[in-house]
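Structure first, commentary second.
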Protein chains: 2
Amino acid sequence: MADADAFRRYLADARARHLDELCAWLRIPSISTLPEHARDMAAAAAWAADQMRAVGLEHVAIMPTGGHPVVYGDWLHAPDRPTLLVYGHYDVQPADPLELWQSPPFSPEIRDGRLFARGASDDKGQIFMHLKAAEALRDLDGTPPINLKFIIEGEEECGSENLARYVAAEAGRLACDVAAVSDSPLLGPEVPSLCESLRGITTLELTLRTGVSDLHSGLYGGSAPNALHVLAELLASLHDDQGRVTVPGFYDAVRPLTPAERAAYAALPFDETGFRAEIGAPALTGEEGYTIVEQIWRRPTLELNGLWGGFQGTGTKTVIPCVAHAKISCRLVPDQDPEQIAELVAAHARRLCPPTATVEVGGQGGGHPALTPRDHPAMQAAARAMAIAYGREPVFAGMGGSIPVVPMLQRTLGAPVVLIGFGLNGEHFHAPNEFFTLSNFDRGLLTLCLFYEGLAGMSPGAR
Amino acid sequence: MADADAFRRYLADARARHLDELCAWLRIPSISTLPEHARDMAAAAAWAADQMRAVGLEHVAIMPTGGHPVVYGDWLHAPDRPTLLVYGHYDVQPADPLELWQSPPFSPEIRDGRLFARGASDDKGQIFMHLKAAEALRDLDGTPPINLKFIIEGEEECGSENLARYVAAEAGRLACDVAAVSDSPLLGPEVPSLCESLRGITTLELTLRTGVSDLHSGLYGGSAPNALHVLAELLASLHDDQGRVTVPGFYDAVRPLTPAERAAYAALPFDETGFRAEIGAPALTGEEGYTIVEQIWRRPTLELNGLWGGFQGTGTKTVIPCVAHAKISCRLVPDQDPEQIAELVAAHARRLCPPTATVEVGGQGGGHPALTPRDHPAMQAAARAMAIAYGREPVFAGMGGSIPVVPMLQRTLGAPVVLIGFGLNGEHFHAPNEFFTLSNFDRGLLTLCLFYEGLAGMSPGAR
């Protein structure tokens with residue numbers, strides 16, 4: 001197999017071609033949410049299929065779904081070697097407001113080592129690197145050292161609604177030992193990192209009613225229940241004074257942090273000053289006994305996203321409101337289950353509801369948390385590759401947000417997902433002037449070549 | 001002086017003329033809030049002035065204000081006798097939706113002993129009775145037994161903004177020993193009653209901020225403060241579990257209920273079943289240790305009128321809101337001061353605001369509570385008059401709402417206000433098909449004649 005230096009030489013030679021190819025893809029305005037770009041979506045899918053064929057993948061197919069198609073391709077000629085499923089997406093966010101772009105969003109331009117274009121970082125640039133890694137392995141070794149399956153979807157920016165159905169229906173074809181997703185940022189510009197945990201989410205909406213119509217606060221005030229009071233009291237009681245969620249059973253399934261994890265998190269180059277500045281609050285809050293990193297990556301939350309009832313206009317209206325609403329979401333960590341947590345919160349709200357009111361619970365929905373522990377052989381292979389490409393050991397990070405495709409792949413295919421992203425916060429995903437930092441394109445591409453090679457040594461089935 | 005029977009005979013003889021006269025006034029659509037009725041407003045004021053002259057009042061004048069004029073008239077020829085100031089208003093509410101009126105709002109019609117017209121009960125019919133009482137006293141006794149001053153304003157239905165300025169500027173001319181306001185309902189159809197207490201009000205608006213922009217609940221949730229949580233906790237702590245307001249000093253100025261008052265309230269024919277049905281809540285709430293009547297008439301409240309922050313649309317938005325709002329009003333009882341209570345609540349909110357947030361307090365405004373105790377000689381005179389006219393002892397009631405003119409007159413002129421209304425809840429004030437129950441017109445008019453006579457025995461200055 002080729003060594004790192006061989007890859008470096010190869011990738012340096014191929015760089016101009018790689019960027020030309022990527023720019024051709026970036027010129028296609030494949031905005032999945034806008035019907036007027038339907039033809040562009042088809043063109044971007046066709047481009048992906050052509051690339052797959054060009055890098056040597058077989059069984060390339062543009063698979064119809066209820067929405068935009070999924071592009072599939074594989075290379076399955078490494079018996080007794082593990083199979084890697086690579087996920088990415090060819091759709092991009094809308095580009096407006098256009099006037100804020102320094103160069104047009106679909107006319108890629110390199111400035112100061114940055115490739116500016118909608119989709120450069122999220123996600124065409126990153127999934128393109130995987131295709132080029134497969135190509136490099138073929139070109140240098142004659143054949144990839146592992147079995148490869150690619151799925152590149154076209155609906156990530158509008159919720160991936162059809163992908164879950166596609167994966168479930170094609171679970172046999174997509175069977176793999178490990179999946180890789182490159183659609184996330186590094187922890188910092190010079191901080192190679194792998195993401196080992198994502199939080200899940202569960203949502204619900206409470207509607208409190210204390211009567212059938214609002215009442216005059218003079219004529220009834222003092223005896224009539226007020227839905228806003230009931231709601232405020234109910235919501236206030238959902239946390240204790242240590243910042244813990246009071247819902248019985250809420251923490252039962254939470255995987256405790258090990259001393260090793262806590263030590264590793266404490267050693268991370270986490271920019272607490274910057275984090276506090278981004279939040280902009282006079283002081284932070286949170287569950288006592290945990291660091292910020294632990295609070296936002298590995299501890300669950302119960303958050304009020306919206307609250308309303310009664311009179312909101314200018315001036316005063318002396319009304320006793322009979323109905324009040326709250327939107328709640330919980331960020332979940334392994335091994336919490338979204339449906340179960342929603343049920344626990346709903347049951348607790350019903351228990352807390354005083355005799356003066358009734359409570360309705362609706363709006364349930366959610367996604368699972370995900371965890372691929374750092375000691376999994378695939379994570380270790382990724383870490384070794386990254387260490388060589390970046391010249392320093394990567395750190396293991398978490399993400400407080402959710403990437404729904406990750407738990408979906410993990411649960412449907414029963415395979416661990418390596419979240420190996422090369423973007424950077426600050427690269428304006430979803431905003432004007434999106435760019436991809438080309439040093440991470442270079443180092444990331446080398447990382448992927450070495451990662452694929454490293455996976456070759458992993459026993460198939462080491463899940 | 002004439003006795004009750006003499007008045008009865010006189011009033012029976014004059015009844016048809018009285019109703020004709022009142023109907024002439026009711027035909028003028030004096031809607032103060034609609035500019036297109038400016039000429040009607042002037043006509044209604046002129047009609048009131050003419051009536052004042054017709055019943056023998058002197059110094060009749062249509063006094064300009066910043067808005068619609070106040071009509072003034074007096075009769076001041078009873079030296080060493082008390083002076084009564086009578087207040088009423090000649091403006092009415094808009095009449096729409098017109099299609100819901102059984103007979104046109106400004107074409108008075110008597111059906112089933114009820115006089116239907118906009119303003120029949122609120123307030124032309126009631127202030128007209130005072131004018132007719134003055135006339136009856138002149139006709140029967142040759143002269144009223146007390147000094148009389150009338151002010152009839154034209155802006156009650158749009159906030160009486162200019163009246164307070166007028167009364168303050170003319171406090172000398174309006175000096176009196178007692179004032180009477182007939183712009184309120186009896187406690188029930190067959191329940192003669194006098195209102196001895198009104199609640200005041202103070203309002204404020206809280207704005208909680210935990211940062212400068214909303215945050216992603218995945219990336220920051222767990223460490224970032226949430227303005228909605230802060231607000232819910234702050235608001236929930238404003239009452240204790242006995243339903244008492246926790247603001248320090250809130251109850252300091254509250255006049256305690258005497259055992260006699262509590263006994264009298266307990267004996268009232270208060271329709272608790274109907275009250276509960278109107279509220280429609282599964283259970284009532286309120287300050288422990290007080291009856292409903294005490295809670296709504298004589299105990300202060302702190303009520304949330306509106307509450308909002310974060311996402312209120314359909315679906316979910318996983319946001320940590322940085323700002324939250326609450327509109328609060330307190331119903332006040334004697335001797336609470338609106339400004340002082342607003343200050344206490346604001347100071348308490350500032351104290352409760354945690355280090356994760358800042359709180360702004362705005363929207364202050366309010367009106368004083370009012371109390372004219374039942375043992376005041378003027379109240380006793382009114383009660384005796386009502387007992388004779390209705391054939392049963394009146395009860396002393398309170399009102400949980402506010403009638404701003406009452407504390408304004410009381411405070412500006414330093415005179416007690418007798419709140420002696422003859423309307424009935426259910427007479428559709430401010431709604432289609434407003435009417436005045438003529439049996440109360442008859443008994444009320446007799447009450448007022450006897451009340452004026454009764455006041456004659458009160459020492460001037462018995463405040």
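If you're wondering about the labels, chains in the structure tokens are A, B, ... by order shown, residues count from 1 in each chain, ligands from 1 in order shown.
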
Each residue of chain B with at least one atom at most 6 Å from chain A should appear once, together with its nearest atom pair and the corresponding distance in Å (one decimal); atoms considered: only C-alpha atoms; ordering: chain, then increasing residue number; output as JSON lines.
{"residue": "B:Thr210", "atom": "CA", "partner": "A:Ala281", "partner_atom": "CA", "distance": 5.0}
{"residue": "B:Gly211", "atom": "CA", "partner": "A:Ala281", "partner_atom": "CA", "distance": 4.4}
{"residue": "B:Gly218", "atom": "CA", "partner": "A:Gly401", "partner_atom": "CA", "distance": 3.7}
{"residue": "B:Leu219", "atom": "CA", "partner": "A:Gly400", "partner_atom": "CA", "distance": 4.8}
{"residue": "B:Gly221", "atom": "CA", "partner": "A:Ile296", "partner_atom": "CA", "distance": 5.8}
{"residue": "B:Gly222", "atom": "CA", "partner": "A:Gln295", "partner_atom": "CA", "distance": 5.0}
{"residue": "B:Ser223", "atom": "CA", "partner": "A:Gly286", "partner_atom": "CA", "distance": 4.7}
{"residue": "B:Ala224", "atom": "CA", "partner": "A:Leu284", "partner_atom": "CA", "distance": 5.5}
{"residue": "B:Pro225", "atom": "CA", "partner": "A:Thr285", "partner_atom": "CA", "distance": 5.3}
{"residue": "B:Ala232", "atom": "CA", "partner": "A:Ala232", "partner_atom": "CA", "distance": 4.5}
{"residue": "B:Glu233", "atom": "CA", "partner": "A:Ala236", "partner_atom": "CA", "distance": 4.6}
{"residue": "B:Ala236", "atom": "CA", "partner": "A:Glu233", "partner_atom": "CA", "distance": 4.6}
{"residue": "B:Gly280", "atom": "CA", "partner": "A:Gly211", "partner_atom": "CA", "distance": 4.8}
{"residue": "B:Ala281", "atom": "CA", "partner": "A:Gly211", "partner_atom": "CA", "distance": 4.4}
{"residue": "B:Pro282", "atom": "CA", "partner": "A:Thr356", "partner_atom": "CA", "distance": 5.2}
{"residue": "B:Ala283", "atom": "CA", "partner": "A:Thr356", "partner_atom": "CA", "distance": 4.5}
{"residue": "B:Leu284", "atom": "CA", "partner": "A:Ala224", "partner_atom": "CA", "distance": 5.5}
{"residue": "B:Thr285", "atom": "CA", "partner": "A:Ser223", "partner_atom": "CA", "distance": 5.1}
{"residue": "B:Gly286", "atom": "CA", "partner": "A:Ser223", "partner_atom": "CA", "distance": 4.7}
{"residue": "B:Gln295", "atom": "CA", "partner": "A:Gly222", "partner_atom": "CA", "distance": 5.0}
{"residue": "B:Ile296", "atom": "CA", "partner": "A:Gly222", "partner_atom": "CA", "distance": 5.1}
{"residue": "B:Thr301", "atom": "CA", "partner": "A:Gly222", "partner_atom": "CA", "distance": 5.8}
{"residue": "B:Asn305", "atom": "CA", "partner": "A:Val319", "partner_atom": "CA", "distance": 5.4}
{"residue": "B:Gly306", "atom": "CA", "partner": "A:Gly310", "partner_atom": "CA", "distance": 4.1}
{"residue": "B:Leu307", "atom": "CA", "partner": "A:Trp308", "partner_atom": "CA", "distance": 5.2}
{"residue": "B:Trp308", "atom": "CA", "partner": "A:Trp308", "partner_atom": "CA", "distance": 4.3}
{"residue": "B:Gly309", "atom": "CA", "partner": "A:Leu307", "partner_atom": "CA", "distance": 5.4}
{"residue": "B:Gly310", "atom": "CA", "partner": "A:Gly306", "partner_atom": "CA", "distance": 4.1}
{"residue": "B:Phe311", "atom": "CA", "partner": "A:Gly306", "partner_atom": "CA", "distance": 4.4}
{"residue": "B:Gln312", "atom": "CA", "partner": "A:Gly306", "partner_atom": "CA", "distance": 5.7}
{"residue": "B:Val319", "atom": "CA", "partner": "A:Asn305", "partner_atom": "CA", "distance": 5.4}
{"residue": "B:Ile320", "atom": "CA", "partner": "A:Asn305", "partner_atom": "CA", "distance": 5.8}
{"residue": "B:Pro355", "atom": "CA", "partner": "A:Ala283", "partner_atom": "CA", "distance": 5.9}
{"residue": "B:Thr356", "atom": "CA", "partner": "A:Ala283", "partner_atom": "CA", "distance": 4.4}
{"residue": "B:Gly400", "atom": "CA", "partner": "A:Gly218", "partner_atom": "CA", "distance": 4.6}
{"residue": "B:Gly401", "atom": "CA", "partner": "A:Gly218", "partner_atom": "CA", "distance": 3.7}

So that I have them on file, write out the residues from the current selection with C-alpha atoms, as a compact mmCIF listing (two decimals), in the first residue's frame.
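Printed below is again_38.txt as written:
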# COMPACT_ATOMS: atom_id res chain seq x y z
CA THR B 210 -30.03 36.84 28.71
CA GLY B 211 -27.99 37.90 25.71
CA GLY B 218 -27.74 22.25 20.32
CA LEU B 219 -24.53 24.22 20.27
CA GLY B 221 -27.86 24.36 25.30
CA GLY B 222 -26.73 23.29 28.72
CA SER B 223 -24.58 26.33 29.46
CA ALA B 224 -26.37 29.29 27.92
CA PRO B 225 -29.09 30.94 29.99
CA ALA B 232 -40.88 31.52 34.26
CA GLU B 233 -38.92 31.18 37.47
CA ALA B 236 -43.58 31.62 39.49
CA GLY B 280 -65.44 27.92 33.63
CA ALA B 281 -62.24 26.62 35.23
CA PRO B 282 -62.05 23.12 36.68
CA ALA B 283 -61.39 24.74 40.09
CA LEU B 284 -60.96 28.23 41.49
CA THR B 285 -57.74 29.60 42.92
CA GLY B 286 -56.89 32.57 45.14
CA GLN B 295 -60.88 37.91 47.12
CA ILE B 296 -62.43 39.82 44.25
CA THR B 301 -53.98 40.67 43.11
CA ASN B 305 -51.95 39.59 31.47
CA GLY B 306 -49.50 38.53 28.79
CA LEU B 307 -46.36 36.51 28.38
CA TRP B 308 -44.23 35.93 25.35
CA GLY B 309 -40.84 35.06 23.99
CA GLY B 310 -39.11 32.74 21.56
CA PHE B 311 -40.74 30.82 18.76
CA GLN B 312 -44.54 30.75 18.54
CA VAL B 319 -33.66 28.12 19.76
CA ILE B 320 -32.57 29.46 23.13
CA PRO B 355 -26.95 36.97 37.43
CA THR B 356 -27.62 35.30 34.07
CA GLY B 400 -63.32 44.25 41.76
CA GLY B 401 -62.81 46.49 38.76

Problem set entry | Which of region 72-238 of chain B DSSP labels helix (DSSP H, G or I), written as an MDAnalysis selection string | chainID B and resid 98:100 124:141 156:158 161:169 227:236

Could you name the residues that touch Asp123 (chain A) at 12 Å or less, counting only C-alpha atoms, but leaving out those on the same chain fewer than 2 positions away, as an mmCIF file with C-alpha atoms, in the first residue's frame?
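Writing the result to selection27.cif gives the following:
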data_model
loop_
_atom_site.group_PDB
_atom_site.id
_atom_site.type_symbol
_atom_site.label_atom_id
_atom_site.label_comp_id
_atom_site.auth_asym_id
_atom_site.auth_seq_id
_atom_site.Cartn_x
_atom_site.Cartn_y
_atom_site.Cartn_z
ATOM 1 C CA LEU A 22 -14.883 20.358 -7.682
ATOM 2 C CA TRP A 25 -19.801 20.664 -9.367
ATOM 3 C CA LEU A 26 -19.996 23.873 -7.337
ATOM 4 C CA SER A 30 -28.374 22.479 -6.649
ATOM 5 C CA TYR A 87 -22.417 9.418 3.157
ATOM 6 C CA GLY A 88 -22.619 12.922 1.727
ATOM 7 C CA HIS A 89 -25.065 15.272 0.038
ATOM 8 C CA TYR A 90 -25.071 17.131 -3.261
ATOM 9 C CA ASP A 91 -27.748 19.646 -2.367
ATOM 10 C CA VAL A 92 -26.953 23.094 -0.988
ATOM 11 C CA GLN A 93 -28.687 25.875 0.914
ATOM 12 C CA ALA A 117 -18.823 29.023 -3.262
ATOM 13 C CA ARG A 118 -22.140 27.790 -1.950
ATOM 14 C CA GLY A 119 -21.547 24.142 -1.062
ATOM 15 C CA ALA A 120 -17.731 24.439 -0.941
ATOM 16 C CA SER A 121 -17.666 23.240 2.650
ATOM 17 C CA GLY A 125 -16.256 19.850 -1.034
ATOM 18 C CA GLN A 126 -16.177 17.261 1.728
ATOM 19 C CA ILE A 127 -17.891 14.378 -0.046
ATOM 20 C CA PHE A 128 -15.754 15.149 -3.131
ATOM 21 C CA MET A 129 -12.675 14.442 -0.985
ATOM 22 C CA HIS A 130 -13.951 10.943 -0.311
ATOM 23 C CA ILE A 152 -24.886 10.947 -1.861
ATOM 24 C CA GLU A 153 -28.333 12.342 -1.186
ATOM 25 C CA GLY A 154 -30.074 15.472 -2.416
ATOM 26 C CA GLU A 155 -32.296 16.406 0.486
ATOM 27 C CA GLU A 156 -30.020 17.065 3.452
ATOM 28 C CA GLU A 157 -30.854 20.773 3.431
ATOM 29 C CA VAL A 181 -19.856 11.151 7.418
ATOM 30 C CA SER A 182 -17.881 14.275 6.577
ATOM 31 C CA ASP A 183 -20.368 17.075 7.137
ATOM 32 C CA SER A 184 -19.144 18.647 10.355
ATOM 33 C CA PRO A 185 -16.473 21.098 11.473
ATOM 34 C CA GLY A 421 -15.424 16.490 9.094
ATOM 35 C CA PHE A 422 -12.938 18.995 7.721
ATOM 36 C CA GLY A 423 -15.017 22.178 7.779
ATOM 37 C CA GLU A 427 -16.819 29.062 7.034
ATOM 38 C CA PHE A 429 -22.299 27.351 6.044
ATOM 39 C CA HIS A 430 -25.861 28.415 5.170
ATOM 40 C CA GLU A 434 -19.446 30.183 2.305
ATOM 41 C CA PHE A 435 -15.912 28.941 1.798
ATOM 42 C CA PHE A 436 -13.716 25.908 2.355
#

Problem set entry | Close residues, Val417 (chain A) itself excluded, 6 Å, only C-alpha atoms, min 2 positions apart in chain, as a VMD selection string | chain A and resid 178 to 180

Problem set entry | All residues 8 Å or closer to Pro394 (chain A), only C-alpha atoms, same chain fewer than 5 positions away omitted, as a PyMOL selection string | chain A and resi 191-194+383+386-387

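Excluding Pro416 (chain A) itself and any same-chain residue fewer than 5 positions from it, the protein and nucleic acid residues within 9 Å of it, counting only C-alpha atoms, are Asp177, Val178, Ala179, Ala180, Leu371, Thr372, Pro373, His376, Ala378, Val406, Leu409, Gln410, Arg411 and Arg463 of chain A.
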